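Asker: Quick one: structure below, then a few questions.
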Amino acid sequence: MKKECYLEDPRFSGIAPLAERAWLSSPTMHREEKFYVDEAIETNWVSTIGANINEVERAFAQRLGRGHAVALSCGTAALHLATRMCGIRLYGQPATGHGSLEGRRVFCSDMTFDATVNPVAYEGGEAIFIDTERDTWNMDPASLELAFEKYPDVRLVVLAHLYGTPGKTEELRRICDRHGALIVEDAAESLGATYRGRETGSFGDLSVISFNGNKIITGSAGGMLLTDSEEEALTIRKWSTQSRDPAPWYQHSEMGYNYRMSNIIAGVVRGQLPHLEEHIAQKRAVYERYREGLRDLPVQMNPFDAANSVPNFWLSCLLIDGNAMCRQERTDLRADYWTAPGRSCPTEILEALAAFNAEGRPIWKPMHLQPIYKGHDFVSAEGDVSADIFRRGLCLPSDNKMTPEQQDRIIEIIHRCFD
Ligand SMILES: *Cc1c(COP(=O)(O)O)cnc(C)c1O
């Protein structure tokens, strides 16, 4: 439906569009960012060496209890080098022009952003997608176990923590250990979230954080790779700056990349880090306000394991009960729905929110449904949970700067969708 149709629909009568847009998740600058960026400019340390880089690497390694942190240009670059490092550890150095995972299968989270899994393809590997569990929306341990039965030769697992909610990290680790598999942990969305008291980013053989503009803290861009091995950290720093040998000329004996973080970006990250806890508290308040405000509707919030984990509440999401879904049809390029009394669907709610100047988003479309990964195997212990969450779920406007008044109006709009 067109925007005007919502604004003129009697179901939404008396509701005015938000004067200020409510964003999904936008950057929040404080004062310290400018201080560290200015300092970098004034001292002329603006390239890929400098005090900001040193300090963010130190601070992240310490915070996450890891031996080493390597500051990179983005989370995707960090995932690429983490994946490549695992491939080389497992299978040896590839010939020039070849990936480290050629001819190898890798188990990957299915419901995530494609940046989690694309690095497997960059390295020539074949991603096998593992279904999602209902209780955290992360990689399902039972499906992972099943995948190892089907493909016992697999030695690498790439898993993400979705929307700031930790997966069952210890269970997944136990399964991987039993099969001698390494873990690349994508904690891009979950900085500050804990599982049994330990922060995400501390569970992988190599782990990754993102400072993309919409994450819980941002550098405007940027990523961080974490490892306990000094040798790996030194190698990855070298790869990220074009793999120059310590020779008197430009000499290269390994493949190189231009993936290093700049000292300017590191200044923004450095200024944001003291505000992480404050952002998490704001995001939690948003989540709890939705949970209260939507309690009477046939919906659930994105679930987490309250006994064992504390999410960072990066995004608040909804799952509509199956019997409260109106008819909704999605092809690869479009979505339609047919509204019905007492029912709604993600397409209707997202369109209604957009008409009233609020930004929601569909759930990450599962990787096994992506045209680019057609033909890749998908292993599931319990039907296709990913597809079900994708069909019935959506991400709500979750900006930490959203006012209670804006959020109340969003909650009212969602109620009207079910009228
Ligand atoms: C944002 C994100 C990334 C990519 O990080 P960039 O810094 O944008 O490259 C990877 N994985 C997940 C799950 C993400 O949400």
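Within each chain, counting starts at residue 1; across the structure tokens, chains are named A, B, ... in the order shown, with ligands numbered 1 upward in that order.
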If we count only C-alpha atoms and set the cut-off at 12 Å, which residues sit around His98 of chain A, ignoring sequence neighbours fewer than 5 positions away in its own chain? Please answer as a compact mmCIF listing (two decimals) with N, CA, C and O atoms, in the first residue's frame.
Answerer:
```txt
# COMPACT_ATOMS: atom_id res chain seq x y z
N ARG A 84 40.13 -16.34 7.02
CA ARG A 84 41.34 -16.75 6.30
C ARG A 84 42.36 -17.36 7.26
O ARG A 84 42.99 -18.38 6.95
N GLY A 87 41.31 -20.84 8.02
CA GLY A 87 41.56 -21.70 6.86
C GLY A 87 43.03 -22.10 6.79
O GLY A 87 43.36 -23.27 6.56
N ILE A 88 43.92 -21.15 7.02
CA ILE A 88 45.36 -21.44 6.92
C ILE A 88 45.80 -22.31 8.10
O ILE A 88 46.59 -23.23 7.94
N GLY A 92 46.57 -25.10 5.80
CA GLY A 92 47.86 -24.65 5.24
C GLY A 92 47.72 -23.47 4.30
O GLY A 92 46.63 -23.07 3.91
N GLN A 93 48.87 -22.90 3.96
CA GLN A 93 48.94 -21.70 3.12
C GLN A 93 48.50 -22.04 1.68
O GLN A 93 49.05 -22.97 1.09
N GLY A 103 37.47 -26.08 -1.68
CA GLY A 103 37.08 -27.48 -1.56
C GLY A 103 36.65 -27.87 -0.16
O GLY A 103 36.44 -29.04 0.12
N ALA A 121 33.08 -17.57 1.29
CA ALA A 121 33.15 -17.60 -0.18
C ALA A 121 34.37 -16.85 -0.70
O ALA A 121 35.00 -17.29 -1.67
N TYR A 122 34.74 -15.72 -0.06
CA TYR A 122 35.97 -15.01 -0.48
C TYR A 122 37.15 -15.99 -0.49
O TYR A 122 38.05 -15.88 -1.31
N GLU A 123 37.14 -16.90 0.49
CA GLU A 123 38.25 -17.85 0.64
C GLU A 123 38.00 -19.16 -0.09
O GLU A 123 38.72 -20.14 0.11
N GLY A 124 36.97 -19.17 -0.93
CA GLY A 124 36.75 -20.33 -1.80
C GLY A 124 36.02 -21.48 -1.13
O GLY A 124 35.88 -22.55 -1.72
N GLY A 125 35.54 -21.29 0.10
CA GLY A 125 34.85 -22.37 0.81
C GLY A 125 33.37 -22.44 0.46
O GLY A 125 32.83 -21.55 -0.20
N GLU A 254 53.34 -13.01 1.05
CA GLU A 254 51.97 -13.47 1.35
C GLU A 254 50.99 -12.49 0.72
O GLU A 254 51.33 -11.33 0.50
N MET A 255 49.75 -12.96 0.50
CA MET A 255 48.69 -12.09 -0.04
C MET A 255 48.42 -10.95 0.94
O MET A 255 48.39 -11.15 2.16
```
Asker: If you count only C-alpha atoms, which residues fall within 10 Å of Lys283 of chain A, apart from same-chain ones fewer than 6 positions away, as a list in words?
Answerer: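 Contacts, in chain order: Ser25, Ile216, Glu277, Arg289, Pro311, Asn312, Phe313, Trp314, Leu315, Ser316, Ser398, Asp399, Asn400, Lys401 and Met402 of chain A.
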Asker: Quick one: residues within 9 Å of Gly167 of chain A, only C-alpha atoms, excluding same-chain residues fewer than 4 positions away - as a count of residues only?
Answerer: 15
Asker: So how far away is atom CA of Tyr290 of chain A from atom CA of Gly322 of chain A, in Å?
Answerer: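 Atom-to-atom, atom CA of Gly322 of chain A to atom CA of Tyr290 of chain A, that is 19.7 Å.
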Asker: If we count only C-alpha atoms, what is near Arg327 of chain A at a cut-off of 8 Å, once residues fewer than 6 positions away on the same chain are taken out, given as a list in words?
Answerer: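 In the requested format, the answer is Tyr337, Trp338, Thr339 and Cys345 of chain A.
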Asker: Within 9 Å of ligand 1, which residues show up when you count only C-alpha atoms and all ligand atoms? List them as a ChimeraX atom specification, please.
Answerer: /A:73-79,112-117,159-163,186-190,208-215,221-224
Asker: From the DSSP assignment of the backbone, select every residue of segment 43-288 of chain A that is alpha helix (DSSP H), and format the answer as a PyMOL selection string.
Answerer: chain A and resi 51-63+75-91+114-122+141-150+169-178+230-240+263-272+276-288
Asker: Can I get the selection written as a PDB file, in the first residue's frame, with C-alpha atoms?
Answerer:
```pdb
ATOM      1  CA  ALA A  51      47.783   6.641  19.800  1.00  0.00           C
ATOM      2  CA  ASN A  52      44.057   6.113  19.139  1.00  0.00           C
ATOM      3  CA  ILE A  53      44.687   2.803  17.375  1.00  0.00           C
ATOM      4  CA  ASN A  54      47.025   1.636  20.123  1.00  0.00           C
ATOM      5  CA  GLU A  55      44.554   2.616  22.808  1.00  0.00           C
ATOM      6  CA  VAL A  56      41.458   0.990  21.249  1.00  0.00           C
ATOM      7  CA  GLU A  57      43.400  -2.227  20.652  1.00  0.00           C
ATOM      8  CA  ARG A  58      44.563  -2.226  24.274  1.00  0.00           C
ATOM      9  CA  ALA A  59      41.122  -1.366  25.645  1.00  0.00           C
ATOM     10  CA  PHE A  60      39.257  -4.016  23.647  1.00  0.00           C
ATOM     11  CA  ALA A  61      41.728  -6.789  24.373  1.00  0.00           C
ATOM     12  CA  GLN A  62      41.483  -5.948  28.074  1.00  0.00           C
ATOM     13  CA  ARG A  63      37.713  -5.575  28.173  1.00  0.00           C
ATOM     14  CA  GLY A  75      33.716  -5.766  10.663  1.00  0.00           C
ATOM     15  CA  THR A  76      33.555  -7.470   7.282  1.00  0.00           C
ATOM     16  CA  ALA A  77      37.334  -7.071   6.841  1.00  0.00           C
ATOM     17  CA  ALA A  78      37.835  -8.514  10.329  1.00  0.00           C
ATOM     18  CA  LEU A  79      35.585 -11.475   9.468  1.00  0.00           C
ATOM     19  CA  HIS A  80      37.520 -12.017   6.255  1.00  0.00           C
ATOM     20  CA  LEU A  81      40.913 -12.123   7.941  1.00  0.00           C
ATOM     21  CA  ALA A  82      39.576 -14.220  10.848  1.00  0.00           C
ATOM     22  CA  THR A  83      38.144 -16.728   8.374  1.00  0.00           C
ATOM     23  CA  ARG A  84      41.342 -16.749   6.299  1.00  0.00           C
ATOM     24  CA  MET A  85      43.452 -17.283   9.422  1.00  0.00           C
ATOM     25  CA  CYS A  86      41.316 -20.292  10.390  1.00  0.00           C
ATOM     26  CA  GLY A  87      41.562 -21.703   6.863  1.00  0.00           C
ATOM     27  CA  ILE A  88      45.358 -21.436   6.921  1.00  0.00           C
ATOM     28  CA  ARG A  89      45.577 -22.880  10.445  1.00  0.00           C
ATOM     29  CA  LEU A  90      43.474 -25.854   9.373  1.00  0.00           C
ATOM     30  CA  TYR A  91      44.577 -26.503   5.826  1.00  0.00           C
ATOM     31  CA  ASP A 114      25.483 -11.806   4.700  1.00  0.00           C
ATOM     32  CA  ALA A 115      28.731 -10.159   5.877  1.00  0.00           C
ATOM     33  CA  THR A 116      28.985 -13.012   8.413  1.00  0.00           C
ATOM     34  CA  VAL A 117      29.202 -15.708   5.757  1.00  0.00           C
ATOM     35  CA  ASN A 118      30.558 -14.031   2.599  1.00  0.00           C
ATOM     36  CA  PRO A 119      34.190 -14.336   3.789  1.00  0.00           C
ATOM     37  CA  VAL A 120      33.833 -18.130   3.528  1.00  0.00           C
ATOM     38  CA  ALA A 121      33.146 -17.602  -0.183  1.00  0.00           C
ATOM     39  CA  TYR A 122      35.968 -15.012  -0.485  1.00  0.00           C
ATOM     40  CA  PRO A 141      23.051 -26.564  18.801  1.00  0.00           C
ATOM     41  CA  ALA A 142      20.904 -29.581  17.827  1.00  0.00           C
ATOM     42  CA  SER A 143      21.120 -28.617  14.143  1.00  0.00           C
ATOM     43  CA  LEU A 144      24.888 -28.102  14.448  1.00  0.00           C
ATOM     44  CA  GLU A 145      25.216 -31.574  15.964  1.00  0.00           C
ATOM     45  CA  LEU A 146      23.185 -32.994  13.075  1.00  0.00           C
ATOM     46  CA  ALA A 147      25.407 -31.173  10.569  1.00  0.00           C
ATOM     47  CA  PHE A 148      28.536 -32.792  12.050  1.00  0.00           C
ATOM     48  CA  GLU A 149      26.868 -36.201  11.660  1.00  0.00           C
ATOM     49  CA  LYS A 150      26.228 -35.431   8.001  1.00  0.00           C
ATOM     50  CA  THR A 169      27.903 -20.222  23.321  1.00  0.00           C
ATOM     51  CA  GLU A 170      29.109 -22.889  25.726  1.00  0.00           C
ATOM     52  CA  GLU A 171      26.986 -25.617  24.171  1.00  0.00           C
ATOM     53  CA  LEU A 172      28.117 -24.684  20.680  1.00  0.00           C
ATOM     54  CA  ARG A 173      31.737 -24.621  21.865  1.00  0.00           C
ATOM     55  CA  ARG A 174      31.396 -28.097  23.411  1.00  0.00           C
ATOM     56  CA  ILE A 175      30.063 -29.502  20.140  1.00  0.00           C
ATOM     57  CA  CYS A 176      32.878 -27.835  18.151  1.00  0.00           C
ATOM     58  CA  ASP A 177      35.525 -29.101  20.584  1.00  0.00           C
ATOM     59  CA  ARG A 178      34.185 -32.636  20.279  1.00  0.00           C
ATOM     60  CA  GLU A 230      50.306 -12.951  19.544  1.00  0.00           C
ATOM     61  CA  GLU A 231      51.573 -14.603  16.380  1.00  0.00           C
ATOM     62  CA  GLU A 232      48.107 -14.444  14.788  1.00  0.00           C
ATOM     63  CA  ALA A 233      47.669 -10.807  15.793  1.00  0.00           C
ATOM     64  CA  LEU A 234      51.024  -9.871  14.235  1.00  0.00           C
ATOM     65  CA  THR A 235      50.222 -11.812  11.041  1.00  0.00           C
ATOM     66  CA  ILE A 236      46.782 -10.246  10.701  1.00  0.00           C
ATOM     67  CA  ARG A 237      48.209  -6.742  11.238  1.00  0.00           C
ATOM     68  CA  LYS A 238      50.701  -7.510   8.493  1.00  0.00           C
ATOM     69  CA  TRP A 239      48.025  -8.838   6.101  1.00  0.00           C
ATOM     70  CA  SER A 240      45.880  -5.752   6.786  1.00  0.00           C
ATOM     71  CA  ASN A 263      43.811   6.729  13.591  1.00  0.00           C
ATOM     72  CA  ILE A 264      40.898   9.120  12.887  1.00  0.00           C
ATOM     73  CA  ILE A 265      38.312   6.322  12.989  1.00  0.00           C
ATOM     74  CA  ALA A 266      40.049   4.919  16.062  1.00  0.00           C
ATOM     75  CA  GLY A 267      39.580   8.347  17.695  1.00  0.00           C
ATOM     76  CA  VAL A 268      35.819   8.092  17.238  1.00  0.00           C
ATOM     77  CA  VAL A 269      35.778   4.530  18.614  1.00  0.00           C
ATOM     78  CA  ARG A 270      37.949   5.625  21.554  1.00  0.00           C
ATOM     79  CA  GLY A 271      35.520   8.432  22.362  1.00  0.00           C
ATOM     80  CA  GLN A 272      32.496   6.095  22.154  1.00  0.00           C
ATOM     81  CA  LEU A 276      28.839   1.745  25.778  1.00  0.00           C
ATOM     82  CA  GLU A 277      27.112   0.986  29.093  1.00  0.00           C
ATOM     83  CA  GLU A 278      24.925   4.072  28.745  1.00  0.00           C
ATOM     84  CA  HIS A 279      23.865   3.035  25.218  1.00  0.00           C
ATOM     85  CA  ILE A 280      23.052  -0.477  26.441  1.00  0.00           C
ATOM     86  CA  ALA A 281      20.893   0.941  29.260  1.00  0.00           C
ATOM     87  CA  GLN A 282      19.008   3.128  26.748  1.00  0.00           C
ATOM     88  CA  LYS A 283      18.477   0.190  24.370  1.00  0.00           C
ATOM     89  CA  ARG A 284      17.254  -1.967  27.253  1.00  0.00           C
ATOM     90  CA  ALA A 285      14.741   0.733  28.222  1.00  0.00           C
ATOM     91  CA  VAL A 286      13.463   0.788  24.611  1.00  0.00           C
ATOM     92  CA  TYR A 287      13.082  -3.011  24.638  1.00  0.00           C
ATOM     93  CA  GLU A 288      11.249  -3.021  27.969  1.00  0.00           C
TER      94      GLU A 288
END
```
Asker: Give me, please, the distance in Å between atom CA of Phe35 of chain A and atom CA of Thr218 of chain A, quoted to one decimal.
Answerer: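 Between atom CA of Phe35 of chain A and atom CA of Thr218 of chain A the gap is 15.5 Å.
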Asker: Of the candidates A:Asp377, A:Asp9, A:Glu4, A:Asp388, which shows the shortest atom-to-atom distance to Arg416 of chain A, using only C-alpha atoms?
Answerer: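 Residue with the minimum atom-to-atom distance to Arg416 of chain A: A:Asp9.
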Asker: Residues at most 10 Å from Leu294 of chain A, counting only C-alpha atoms, excluding those fewer than 3 positions away in the same chain, as a list of chain:residue names?
Answerer: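 Listing them by chain and then by number gives A:Glu288, A:Arg289, A:Tyr290, A:Arg291, A:Leu297, A:Pro298, A:Val299, A:Gln300, A:Met301, A:Leu318, A:Ile411, A:Glu412, A:Ile414, A:His415.
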Asker: Work out how far apart atom CA of Ser207 of chain A and atom CA of Leu226 of chain A are and give it in Å to one decimal.
Answerer: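 Calculated distance between atom CA of Ser207 of chain A and atom CA of Leu226 of chain A is 5.0 Å.
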Asker: Which neighbours of Glu126 of chain A fall inside 7 Å, counting only C-alpha atoms, when residues of the same chain fewer than 6 positions from it are skipped, and could you give them as a list of chain:residue names?
Answerer: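 Once the adjacent positions are removed, what remains is A:Arg104, A:Arg105, A:Val106, A:Val120.
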Asker: Keeping only N, CA, C and O atoms, write the selected residues as a PDB file, in the first residue's frame.
Answerer:
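Generated output (out.pdb):
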```
ATOM      1  N   ARG A 104      36.527 -26.874   0.738  1.00  0.00           N
ATOM      2  CA  ARG A 104      36.173 -27.175   2.135  1.00  0.00           C
ATOM      3  C   ARG A 104      34.780 -26.658   2.450  1.00  0.00           C
ATOM      4  O   ARG A 104      34.390 -25.577   2.013  1.00  0.00           O
ATOM      5  N   ARG A 105      34.079 -27.411   3.279  1.00  0.00           N
ATOM      6  CA  ARG A 105      32.776 -26.952   3.770  1.00  0.00           C
ATOM      7  C   ARG A 105      32.965 -26.256   5.114  1.00  0.00           C
ATOM      8  O   ARG A 105      33.824 -26.648   5.906  1.00  0.00           O
ATOM      9  N   VAL A 106      32.129 -25.249   5.365  1.00  0.00           N
ATOM     10  CA  VAL A 106      32.161 -24.492   6.618  1.00  0.00           C
ATOM     11  C   VAL A 106      30.723 -24.340   7.109  1.00  0.00           C
ATOM     12  O   VAL A 106      29.841 -23.969   6.333  1.00  0.00           O
ATOM     13  N   VAL A 120      33.610 -16.719   3.858  1.00  0.00           N
ATOM     14  CA  VAL A 120      33.833 -18.130   3.528  1.00  0.00           C
ATOM     15  C   VAL A 120      33.955 -18.267   2.007  1.00  0.00           C
ATOM     16  O   VAL A 120      34.851 -18.954   1.500  1.00  0.00           O
TER      17      VAL A 120
END
```
Asker: DSSP on the backbone: which residues in segment 51-288 of chain A end up as strand (DSSP E or B)? Give the answer as number ranges by chain.
Answerer: A: 68-72, 74, 105-109, 126-130, 132, 139, 156-160, 182-186, 194-195, 198-199, 206-210, 212, 220, 222-227, 241, 258, 260
